[in-house]
file data12.cif (mmCIF, C-alpha atoms and all ligand atoms)
data_work
#
loop_
_atom_site.label_atom_id
_atom_site.label_comp_id
_atom_site.auth_asym_id
_atom_site.auth_seq_id
_atom_site.Cartn_x
_atom_site.Cartn_y
_atom_site.Cartn_z
CA MET D 1 -22.81 -13.07 39.25
CA ALA D 2 -21.75 -10.69 36.49
CA TYR D 3 -22.27 -11.71 32.89
CA ALA D 4 -20.34 -10.44 29.87
CA ALA D 5 -22.27 -8.64 27.11
CA PHE D 6 -20.99 -7.96 23.59
CA ARG D 7 -21.88 -4.25 23.42
CA SER D 8 -20.44 -2.86 20.18
CA ILE D 9 -18.40 -3.50 17.07
CA GLY D 10 -16.14 -1.24 14.99
CA ALA D 11 -13.47 -1.53 12.32
CA TYR D 12 -10.94 0.41 10.30
CA VAL D 13 -9.44 -0.48 6.94
CA PRO D 14 -6.63 1.48 5.33
CA PRO D 15 -7.81 3.13 2.09
CA LYS D 16 -5.05 1.77 -0.16
CA ILE D 17 -6.35 -1.16 -2.27
CA MET D 18 -4.16 -3.86 -3.82
CA THR D 19 -6.06 -5.78 -6.51
CA ASN D 20 -5.33 -9.15 -8.10
CA ALA D 21 -4.26 -7.22 -11.20
CA ASP D 22 -1.56 -5.57 -9.06
CA PHE D 23 -0.28 -9.06 -8.18
CA GLU D 24 -0.15 -9.99 -11.86
CA LYS D 25 2.58 -7.34 -12.17
CA ILE D 26 4.81 -8.78 -9.43
CA ILE D 27 4.28 -12.58 -9.40
CA ASP D 28 3.40 -15.24 -11.97
CA THR D 29 -0.35 -15.36 -11.34
CA SER D 30 -3.70 -14.18 -12.70
CA ASP D 31 -6.87 -12.59 -11.38
CA GLU D 32 -8.74 -15.65 -12.63
CA TRP D 33 -6.52 -18.10 -10.69
CA ILE D 34 -6.66 -16.14 -7.43
CA THR D 35 -10.43 -15.62 -7.70
CA LYS D 36 -11.10 -19.27 -8.46
CA ARG D 37 -8.82 -20.65 -5.70
CA THR D 38 -9.64 -18.14 -2.95
CA GLY D 39 -12.51 -15.80 -3.86
CA ILE D 40 -10.25 -12.85 -3.08
CA LYS D 41 -10.47 -9.87 -5.47
CA GLU D 42 -8.64 -7.22 -3.46
CA ARG D 43 -7.12 -6.46 -0.07
CA ARG D 44 -6.11 -3.31 1.87
CA ILE D 45 -2.52 -2.30 2.49
CA SER D 46 -1.40 0.14 5.18
CA GLU D 47 0.91 3.04 4.46
CA VAL D 48 4.64 2.83 5.18
CA ASN D 49 5.11 3.31 8.95
CA GLU D 50 1.38 2.79 9.56
CA ALA D 51 1.49 0.04 12.18
CA SER D 52 -1.06 -2.32 13.73
CA SER D 53 -1.58 0.06 16.69
CA ASP D 54 -2.58 2.84 14.26
CA LEU D 55 -5.21 0.63 12.62
CA GLY D 56 -6.29 -0.82 15.97
CA ALA D 57 -6.74 2.59 17.64
CA LYS D 58 -8.99 3.77 14.80
CA ALA D 59 -11.15 0.64 14.99
CA ALA D 60 -11.29 0.94 18.80
CA GLN D 61 -12.44 4.55 18.60
CA VAL D 62 -15.49 3.44 16.58
CA ALA D 63 -16.28 0.58 18.99
CA ILE D 64 -16.03 2.90 22.02
CA GLU D 65 -18.31 5.53 20.46
CA ARG D 66 -20.89 2.93 19.48
CA ALA D 67 -20.85 1.42 22.99
CA GLY D 68 -21.54 4.88 24.41
CA ILE D 69 -19.06 4.52 27.24
CA ALA D 70 -16.49 6.97 28.56
CA LYS D 71 -12.87 6.12 27.85
CA GLU D 72 -12.17 6.43 31.59
CA ASP D 73 -14.51 3.48 32.18
CA ILE D 74 -12.42 1.05 30.11
CA ASP D 75 -10.48 -1.05 32.60
CA LEU D 76 -8.79 -3.59 30.32
CA VAL D 77 -7.40 -3.47 26.75
CA ILE D 78 -6.57 -6.69 24.90
CA CYS D 79 -5.12 -6.65 21.40
CA ALA D 80 -5.00 -9.81 19.32
CA THR D 81 -2.23 -9.58 16.75
CA VAL D 82 0.65 -11.49 15.22
CA THR D 83 1.95 -8.37 13.50
CA PRO D 84 2.66 -6.23 16.57
CA ASP D 85 4.32 -2.82 16.15
CA TYR D 86 7.39 -4.24 17.92
CA LEU D 87 8.59 -7.83 18.08
CA CYS D 88 8.85 -7.94 21.87
CA MET D 89 7.84 -4.71 23.59
CA PRO D 90 5.92 -2.57 24.14
CA SER D 91 2.76 -4.52 23.45
CA THR D 92 0.44 -3.21 20.73
CA ALA D 93 -2.36 -2.99 23.34
CA CYS D 94 -0.24 -0.51 25.38
CA LEU D 95 0.29 1.62 22.28
CA ILE D 96 -3.40 1.56 21.37
CA ALA D 97 -4.36 2.61 24.91
CA SER D 98 -1.92 5.50 24.65
CA LYS D 99 -3.16 6.56 21.18
CA LEU D 100 -6.72 6.58 22.54
CA GLU D 101 -5.49 8.72 25.48
CA LEU D 102 -6.90 6.30 28.04
CA PRO D 103 -5.89 6.80 31.65
CA PRO D 104 -3.37 4.16 32.89
CA VAL D 105 -5.02 0.79 32.28
CA GLN D 106 -4.12 -2.92 32.19
CA ALA D 107 -3.23 -3.70 28.56
CA PHE D 108 -1.70 -6.73 26.88
CA ASP D 109 -1.58 -8.65 23.60
CA VAL D 110 -2.75 -12.15 22.81
CA SER D 111 -1.04 -14.17 20.11
CA ALA D 112 -3.25 -16.77 18.48
CA ALA D 113 -2.92 -15.83 14.80
CA CYS D 114 -6.25 -15.88 12.95
CA THR D 115 -8.05 -17.15 16.07
CA GLY D 116 -6.79 -14.14 18.07
CA PHE D 117 -10.06 -12.23 18.29
CA VAL D 118 -11.93 -15.28 19.57
CA TYR D 119 -9.17 -15.84 22.16
CA ALA D 120 -9.48 -12.17 23.18
CA THR D 121 -13.25 -12.60 23.52
CA SER D 122 -12.74 -15.58 25.84
CA VAL D 123 -10.26 -13.66 28.02
CA ALA D 124 -12.56 -10.61 28.21
CA LYS D 125 -15.51 -12.83 29.16
CA ALA D 126 -13.51 -14.48 31.94
CA PHE D 127 -12.28 -11.14 33.36
CA VAL D 128 -15.81 -9.70 33.37
CA GLU D 129 -17.50 -12.81 34.79
CA SER D 130 -14.94 -13.04 37.57
CA GLY D 131 -15.82 -9.48 38.58
CA MET D 132 -12.26 -8.23 38.00
CA LYS D 133 -13.15 -5.89 35.10
CA LYS D 134 -16.28 -4.08 33.90
CA ASN D 135 -15.53 -2.73 30.41
CA VAL D 136 -13.02 -4.53 28.23
CA LEU D 137 -11.84 -3.19 24.88
CA ILE D 138 -10.81 -6.02 22.58
CA ILE D 139 -9.08 -5.44 19.27
CA GLY D 140 -7.87 -7.55 16.37
CA ALA D 141 -5.29 -5.56 14.38
CA GLU D 142 -2.95 -6.74 11.66
CA THR D 143 -0.53 -5.32 9.11
CA TYR D 144 0.29 -8.54 7.28
CA SER D 145 1.90 -6.51 4.50
CA SER D 146 4.83 -6.11 6.92
CA ILE D 147 5.49 -9.89 7.08
CA LEU D 148 4.73 -10.92 3.50
CA ASP D 149 7.36 -12.08 1.05
CA TYR D 150 6.06 -10.55 -2.18
CA THR D 151 8.02 -13.11 -4.19
CA ASP D 152 6.24 -16.08 -2.56
CA ARG D 153 3.46 -16.69 -5.10
CA GLY D 154 1.79 -19.36 -2.97
CA THR D 155 1.13 -17.03 -0.03
CA CYS D 156 1.48 -13.28 -0.61
CA PHE D 157 -1.85 -12.66 -2.39
CA ILE D 158 -3.92 -14.14 0.45
CA PHE D 159 -3.38 -11.66 3.26
CA GLY D 160 -4.33 -8.03 3.88
CA ASP D 161 -4.29 -5.31 6.54
CA GLY D 162 -7.06 -4.00 8.79
CA ALA D 163 -8.47 -3.89 12.31
CA GLY D 164 -11.69 -4.57 14.20
CA ALA D 165 -12.68 -3.91 17.80
CA ALA D 166 -15.45 -4.49 20.32
CA ILE D 167 -16.50 -3.54 23.83
CA ILE D 168 -17.38 -6.34 26.25
CA SER D 169 -19.13 -5.06 29.37
CA ALA D 170 -20.53 -6.42 32.60
CA THR D 171 -24.28 -6.98 32.81
CA GLU D 172 -26.63 -8.55 35.30
CA ASN D 173 -28.98 -9.65 32.53
CA LYS D 174 -28.18 -13.24 31.58
CA GLU D 175 -30.34 -12.90 28.43
CA GLU D 176 -27.83 -10.50 26.86
CA SER D 177 -24.66 -12.37 27.85
CA ILE D 178 -22.00 -14.09 25.78
CA ILE D 179 -23.22 -17.67 25.91
CA ASP D 180 -19.96 -19.53 25.37
CA VAL D 181 -16.45 -19.24 23.95
CA ASN D 182 -14.39 -22.33 23.25
CA CYS D 183 -10.71 -22.09 22.25
CA SER D 184 -8.05 -24.69 21.63
CA SER D 185 -4.67 -25.34 20.00
CA ASP D 186 -2.26 -28.00 18.77
CA GLY D 187 1.39 -26.98 18.48
CA ASN D 188 2.26 -30.22 16.70
CA TYR D 189 1.19 -28.42 13.52
CA GLU D 190 3.60 -25.51 14.05
CA ASP D 191 5.15 -25.86 10.59
CA LEU D 192 1.95 -25.27 8.61
CA ILE D 193 1.90 -21.50 9.10
CA LYS D 194 4.97 -19.92 10.60
CA THR D 195 7.32 -16.93 10.71
CA PRO D 196 10.47 -19.00 11.39
CA GLY D 197 13.01 -16.22 11.96
CA GLY D 198 13.49 -13.17 14.17
CA GLY D 199 12.36 -14.78 17.43
CA SER D 200 14.45 -16.55 20.11
CA LYS D 201 14.68 -19.77 18.06
CA HIS D 202 16.36 -18.02 15.11
CA PRO D 203 17.28 -14.52 16.25
CA CYS D 204 17.76 -11.83 13.66
CA SER D 205 20.87 -12.59 11.59
CA GLN D 206 22.15 -12.22 8.06
CA GLU D 207 20.67 -15.64 7.27
CA VAL D 208 17.26 -14.65 8.65
CA LEU D 209 17.28 -11.55 6.44
CA GLU D 210 18.57 -13.28 3.30
CA GLN D 211 16.13 -16.21 3.60
CA LYS D 212 13.27 -13.83 4.49
CA MET D 213 12.69 -15.98 7.58
CA ALA D 214 10.79 -13.22 9.37
CA CYS D 215 8.11 -13.46 6.67
CA ILE D 216 5.15 -15.81 6.86
CA LYS D 217 5.73 -19.29 5.37
CA MET D 218 2.64 -21.39 4.73
CA LYS D 219 1.90 -24.90 3.47
CA GLY D 220 -1.31 -23.83 1.74
CA ASN D 221 -2.64 -27.18 0.63
CA GLU D 222 -2.30 -28.95 4.00
CA THR D 223 -3.61 -25.88 5.81
CA PHE D 224 -6.68 -25.83 3.58
CA LYS D 225 -7.75 -29.36 4.50
CA LEU D 226 -7.19 -28.88 8.24
CA ALA D 227 -9.03 -25.55 8.17
CA VAL D 228 -12.16 -27.10 6.69
CA ARG D 229 -12.10 -30.01 9.13
CA THR D 230 -11.38 -27.95 12.24
CA LEU D 231 -13.74 -25.04 11.49
CA THR D 232 -16.52 -27.59 11.00
CA SER D 233 -15.93 -29.82 14.04
CA ASP D 234 -15.40 -26.81 16.28
CA VAL D 235 -18.89 -25.47 15.60
CA GLU D 236 -20.48 -28.92 15.68
CA VAL D 237 -19.22 -29.30 19.25
CA MET D 238 -20.51 -25.83 20.18
CA MET D 239 -23.97 -26.45 18.68
CA LYS D 240 -24.28 -29.86 20.28
CA LYS D 241 -23.23 -28.53 23.68
CA HIS D 242 -25.96 -25.86 23.58
CA ASN D 243 -28.51 -28.01 21.80
CA ILE D 244 -28.92 -25.58 18.90
CA THR D 245 -29.25 -25.98 15.13
CA PRO D 246 -28.20 -23.67 12.26
CA GLU D 247 -31.72 -22.19 12.30
CA ASP D 248 -30.96 -20.73 15.74
CA ILE D 249 -28.04 -18.68 14.34
CA ASN D 250 -28.77 -15.28 12.77
CA HIS D 251 -25.18 -14.54 11.71
CA PHE D 252 -22.49 -17.13 11.12
CA ILE D 253 -19.14 -15.30 10.95
CA PRO D 254 -16.35 -17.65 9.91
CA HIS D 255 -12.71 -16.60 9.67
CA GLN D 256 -12.30 -14.98 6.25
CA ALA D 257 -9.45 -17.11 4.88
CA ASN D 258 -10.74 -18.41 1.59
CA MET D 259 -14.16 -18.54 -0.09
CA ARG D 260 -13.78 -22.25 -0.83
CA ILE D 261 -13.13 -22.93 2.88
CA ILE D 262 -16.14 -20.78 3.90
CA THR D 263 -18.39 -22.56 1.38
CA ALA D 264 -17.24 -26.06 2.40
CA VAL D 265 -17.65 -25.34 6.12
CA GLY D 266 -21.04 -23.65 5.61
CA LYS D 267 -22.27 -26.62 3.61
CA ALA D 268 -21.02 -29.18 6.14
CA LEU D 269 -22.71 -27.28 8.98
CA GLY D 270 -25.94 -26.53 7.10
CA MET D 271 -25.53 -22.73 7.22
CA ASN D 272 -27.14 -20.90 4.30
CA GLU D 273 -25.73 -17.98 2.32
CA GLU D 274 -28.01 -15.39 3.94
CA GLN D 275 -26.77 -16.12 7.45
CA THR D 276 -23.08 -16.43 6.48
CA VAL D 277 -21.07 -13.20 6.50
CA VAL D 278 -18.47 -12.96 3.70
CA THR D 279 -15.87 -10.21 3.22
CA VAL D 280 -12.91 -12.25 1.97
CA ASP D 281 -13.47 -10.92 -1.57
CA LYS D 282 -12.91 -7.34 -0.36
CA TYR D 283 -10.25 -7.68 2.32
CA GLY D 284 -8.53 -11.05 1.88
CA ASN D 285 -7.39 -12.78 5.06
CA THR D 286 -6.71 -10.20 7.78
CA SER D 287 -5.99 -12.83 10.47
CA ALA D 288 -7.03 -11.64 13.96
CA ALA D 289 -8.88 -8.70 12.39
CA SER D 290 -10.89 -10.84 10.00
CA ILE D 291 -13.84 -11.78 12.24
CA PRO D 292 -14.47 -8.33 13.80
CA MET D 293 -14.04 -6.67 10.39
CA ALA D 294 -16.62 -9.07 8.94
CA MET D 295 -19.00 -8.48 11.85
CA ASN D 296 -18.59 -4.72 11.45
CA TYR D 297 -19.31 -5.01 7.73
CA ALA D 298 -22.59 -6.84 8.39
CA TYR D 299 -23.44 -4.37 11.16
CA GLU D 300 -22.90 -1.37 8.87
CA GLN D 301 -25.05 -3.06 6.23
CA GLY D 302 -27.84 -2.97 8.83
CA LYS D 303 -27.96 -6.74 9.08
CA ILE D 304 -26.94 -7.27 12.71
CA LYS D 305 -29.50 -6.08 15.22
CA ALA D 306 -29.88 -6.10 19.00
CA GLY D 307 -30.70 -9.58 20.29
CA ASP D 308 -29.43 -11.39 17.18
CA THR D 309 -27.54 -14.62 17.80
CA VAL D 310 -24.00 -14.52 16.40
CA LEU D 311 -21.55 -17.38 15.96
CA PHE D 312 -17.82 -16.79 15.39
CA ASP D 313 -15.73 -19.62 13.95
CA ALA D 314 -11.94 -19.18 13.72
CA PHE D 315 -8.85 -21.14 12.72
CA GLY D 316 -5.22 -20.15 12.36
CA GLY D 317 -1.50 -20.65 12.87
CA GLY D 318 -0.41 -22.54 15.96
CA LEU D 319 -2.56 -24.33 15.13
CA THR D 320 -5.28 -22.52 17.02
CA TRP D 321 -9.04 -22.62 16.68
CA GLY D 322 -12.12 -21.41 18.51
CA SER D 323 -15.76 -20.43 18.34
CA ALA D 324 -17.90 -17.93 20.22
CA LEU D 325 -21.68 -17.91 20.61
CA PHE D 326 -23.42 -14.76 21.82
CA LYS D 327 -26.38 -12.40 21.60
CA PHE D 328 -25.43 -9.01 20.20
CA ALA D 329 -26.34 -6.66 23.04
CA PRO D 330 -25.80 -2.98 22.21
CA LYS D 331 -26.66 -0.67 25.10
CA LYS D 332 -30.27 0.57 24.87
C1 LIG D 401 -2.85 -21.16 -1.17
C2 LIG D 401 -3.90 -21.87 -1.99
C3 LIG D 401 -4.83 -20.86 -2.63
C4 LIG D 401 -3.21 -22.64 -3.10
O1 LIG D 401 -4.19 -23.36 -3.81
P1 LIG D 401 -3.93 -24.92 -4.10
O2 LIG D 401 -5.05 -25.39 -4.91
O3 LIG D 401 -3.72 -25.59 -2.77
O4 LIG D 401 -2.62 -24.83 -4.94
P2 LIG D 401 -1.29 -25.71 -4.86
O5 LIG D 401 -0.37 -25.12 -3.84
O6 LIG D 401 -1.66 -27.17 -4.73
O7 LIG D 401 -0.74 -25.45 -6.30
C5 LIG D 401 -1.50 -25.79 -7.46
C6 LIG D 401 -0.85 -25.19 -8.66
O8 LIG D 401 -1.02 -23.75 -8.68
C7 LIG D 401 0.25 -23.11 -8.83
N1 LIG D 401 0.23 -21.84 -8.11
C8 LIG D 401 0.60 -21.60 -6.81
N2 LIG D 401 0.43 -20.30 -6.53
C9 LIG D 401 -0.06 -19.71 -7.65
C10 LIG D 401 -0.45 -18.39 -7.96
N3 LIG D 401 -0.37 -17.39 -7.07
N4 LIG D 401 -0.92 -18.14 -9.21
C11 LIG D 401 -1.04 -19.13 -10.12
N5 LIG D 401 -0.67 -20.40 -9.88
C12 LIG D 401 -0.19 -20.68 -8.64
C13 LIG D 401 1.24 -24.09 -8.26
O9 LIG D 401 2.52 -23.84 -8.78
C14 LIG D 401 0.67 -25.40 -8.72
O10 LIG D 401 1.01 -25.61 -10.07
P3 LIG D 401 1.31 -27.09 -10.62
O11 LIG D 401 0.03 -27.86 -10.45
O12 LIG D 401 1.66 -26.83 -12.05
O13 LIG D 401 2.43 -27.61 -9.79
C15 LIG D 401 -4.73 -22.85 -1.13
O14 LIG D 401 -3.94 -23.95 -0.73
C16 LIG D 401 -5.28 -22.21 0.12
O15 LIG D 401 -6.06 -21.28 0.03
N6 LIG D 401 -4.89 -22.73 1.29
C17 LIG D 401 -5.37 -22.24 2.56
C18 LIG D 401 -4.57 -21.06 2.95
C19 LIG D 401 -5.17 -20.33 4.11
O16 LIG D 401 -6.35 -20.09 4.11
N7 LIG D 401 -4.34 -20.00 5.08
C20 LIG D 401 -4.72 -19.28 6.22
C21 LIG D 401 -5.42 -20.14 7.18
S1 LIG D 401 -5.78 -19.23 8.60
#
call {"tool": "encode", "arguments": {"input": "data12.cif", "output": "structure tokens", "more": "lines below"}}
Ligand SMILES: CC(C)(COP(=O)(O)OP(=O)(O)OC[C@H]1O[C@@H](n2cnc3c(N)ncnc32)[C@H](O)[C@@H]1OP(=O)(O)O)[C@@H](O)C(=O)NCCC(=O)NCCS
result
Amino acid sequence: MAYAAFRSIGAYVPPKIMTNADFEKIIDTSDEWITKRTGIKERRISEVNEASSDLGAKAAQVAIERAGIAKEDIDLVICATVTPDYLCMPSTACLIASKLELPPVQAFDVSAACTGFVYATSVAKAFVESGMKKNVLIIGAETYSSILDYTDRGTCFIFGDGAGAAIISATENKEESIIDVNCSSDGNYEDLIKTPGGGSKHPCSQEVLEQKMACIKMKGNETFKLAVRTLTSDVEVMMKKHNITPEDINHFIPHQANMRIITAVGKALGMNEEQTVVTVDKYGNTSAASIPMAMNYAYEQGKIKAGDTVLFDAFGGGLTWGSALFKFAPKK
């Protein structure tokens, strides 16, 4: 049987920085309030006409180089995004494959909001373990600045732009395989985080434009409580299933939504500060890109090494949630 190994990580962030002080100029807020409630100090914003595929292709390029594989050997491209270049088609994964100049290849998007990268990991694992694919490029790429209402003071300061990517490859060595990925959802909570307009339910119209219905609408307070509960129980189930404790985890990489959420979840699970990766202060919430960007940050700091045990923990609109447990297995 083939196993799936997590071979490399890469990321790209656009250089333009939007600080909390910049938000003080456009909404009734303060650096102090945003820092205290979220831990966010700044976030990245893409250029006009710089789309998710542009960010995603740059992140993917890094992941491919670090994996040391030829582009021709990539046989599947999966992009997790809820800010695709185009609402319906083509998929962002198709565009990324083209920007990378890959030969014709199966490519599609997954839509699971902030849990997207964990969903993509589970799909890649399944394709590799079934023997259907050998080298899967997975990407989380978001340009949230394109769906933010910059007059909505309860939401607009939270999100940012960026992309992360990884290569998942077939291996015969069980020791270096992705141990488990668990994903779930509950559509009963659809109204907590939503872009209500522009899709088939409320197609583009004058009303959709005037009410900014194609922008993200979020019930922050209710989302906060569910995020803490779900991110915690999700990992408790994973740890129990594999009979592991926090001491067995080298790097806990939670979705970077809010420092208070990360702290509460870490405390409930017994994860300490050293093993918990935090980038929310620098990049805000970049949704599907948040986990791979955080992993890449820790990797570039020299913290993540071959054989380390990594635990992803994600939560997002849908609602969706998921966790992934694996050994980081760069090619020797
Ligand atoms: C958005 C969030 C920071 C708001 O914090 P909160 O403590 O829940 O704030 P509330 O919405 O209850 O509002 C509290 C007060 O702050 C005010 N406020 C809201 N936005 C503000 C802002 N940007 N600046 C200053 N004050 C603000 C409100 O008007 C309210 O004032 P009031 O008490 O006088 O009525 C918080 O709910 C959150 O982070 N939620 C999770 C969001 C998230 O992570 N989503 C993604 C999940 S994947």
call {"tool": "residues_near_ligand", "arguments": {"input": "data12.cif", "ligand": "ligand LIG 401 (chain D)", "cutoff": "6 Å", "atoms": "all atoms listed in the file", "output": "PDB file with C-alpha atoms, keeping the file's coordinate frame"}}
result
ATOM      1  CA  ASP D  28       3.400 -15.240 -11.970  1.00  0.00           C
ATOM      2  CA  THR D  29      -0.350 -15.360 -11.340  1.00  0.00           C
ATOM      3  CA  SER D  30      -3.700 -14.180 -12.700  1.00  0.00           C
ATOM      4  CA  TRP D  33      -6.520 -18.100 -10.690  1.00  0.00           C
ATOM      5  CA  ARG D  37      -8.820 -20.650  -5.700  1.00  0.00           C
ATOM      6  CA  THR D  38      -9.640 -18.140  -2.950  1.00  0.00           C
ATOM      7  CA  CYS D 114      -6.250 -15.880  12.950  1.00  0.00           C
ATOM      8  CA  ARG D 153       3.460 -16.690  -5.100  1.00  0.00           C
ATOM      9  CA  GLY D 154       1.790 -19.360  -2.970  1.00  0.00           C
ATOM     10  CA  THR D 155       1.130 -17.030  -0.030  1.00  0.00           C
ATOM     11  CA  GLY D 220      -1.310 -23.830   1.740  1.00  0.00           C
ATOM     12  CA  ASN D 221      -2.640 -27.180   0.630  1.00  0.00           C
ATOM     13  CA  THR D 223      -3.610 -25.880   5.810  1.00  0.00           C
ATOM     14  CA  PHE D 224      -6.680 -25.830   3.580  1.00  0.00           C
ATOM     15  CA  ALA D 257      -9.450 -17.110   4.880  1.00  0.00           C
ATOM     16  CA  ASN D 258     -10.740 -18.410   1.590  1.00  0.00           C
ATOM     17  CA  PHE D 315      -8.850 -21.140  12.720  1.00  0.00           C
ATOM     18  CA  GLY D 316      -5.220 -20.150  12.360  1.00  0.00           C
TER      19      GLY D 316
END
call {"tool": "atom_distance", "arguments": {"input": "data12.cif", "atom1": "atom CA of Ser98 of chain D", "atom2": "atom CA of Ser53 of chain D"}}
result
9.6 Å
call {"tool": "atom_distance", "arguments": {"input": "data12.cif", "atom1": "atom CA of Leu137 of chain D", "atom2": "atom CA of Glu172 of chain D"}}
result
18.9 Å
call {"tool": "closest_residue", "arguments": {"input": "data12.cif", "among": "D:Phe108, D:Val277, D:Ala113, D:Leu76", "to": "Pro90 of chain D", "atoms": "all atoms listed in the file"}}
result
D:Phe108
call {"tool": "closest_residue", "arguments": {"input": "data12.cif", "among": "D:Glu65, D:Asp180, D:Asp149, D:Asp281", "to": "Ala166 of chain D", "atoms": "all atoms listed in the file"}}
result
D:Glu65
call {"tool": "closest_residue", "arguments": {"input": "data12.cif", "among": "D:Gly284, D:Gly56, D:Gly162, D:Gly266", "to": "Pro254 of chain D", "atoms": "only C-alpha atoms"}}
result
D:Gly266
call {"tool": "residues_around", "arguments": {"input": "data12.cif", "residues": "segment 182-187 of chain D", "least_positions_apart": "6", "cutoff": "8 Å", "atoms": "only C-alpha atoms", "output": "compact mmCIF listing (two decimals) with C-alpha atoms, in the frame of the given file"}}
result
# COMPACT_ATOMS: atom_id res chain seq x y z
CA VAL D 118 -11.93 -15.28 19.57
CA TYR D 119 -9.17 -15.84 22.16
CA SER D 122 -12.74 -15.58 25.84
CA MET D 238 -20.51 -25.83 20.18
CA GLY D 318 -0.41 -22.54 15.96
CA LEU D 319 -2.56 -24.33 15.13
CA THR D 320 -5.28 -22.52 17.02
CA TRP D 321 -9.04 -22.62 16.68
CA GLY D 322 -12.12 -21.41 18.51
CA SER D 323 -15.76 -20.43 18.34
CA ALA D 324 -17.90 -17.93 20.22
call {"tool": "closest_residue", "arguments": {"input": "data12.cif", "among": "D:Glu47, D:Asp308, D:Glu72, D:Glu176", "to": "Ser146 of chain D", "atoms": "all atoms listed in the file"}}
result
D:Glu47
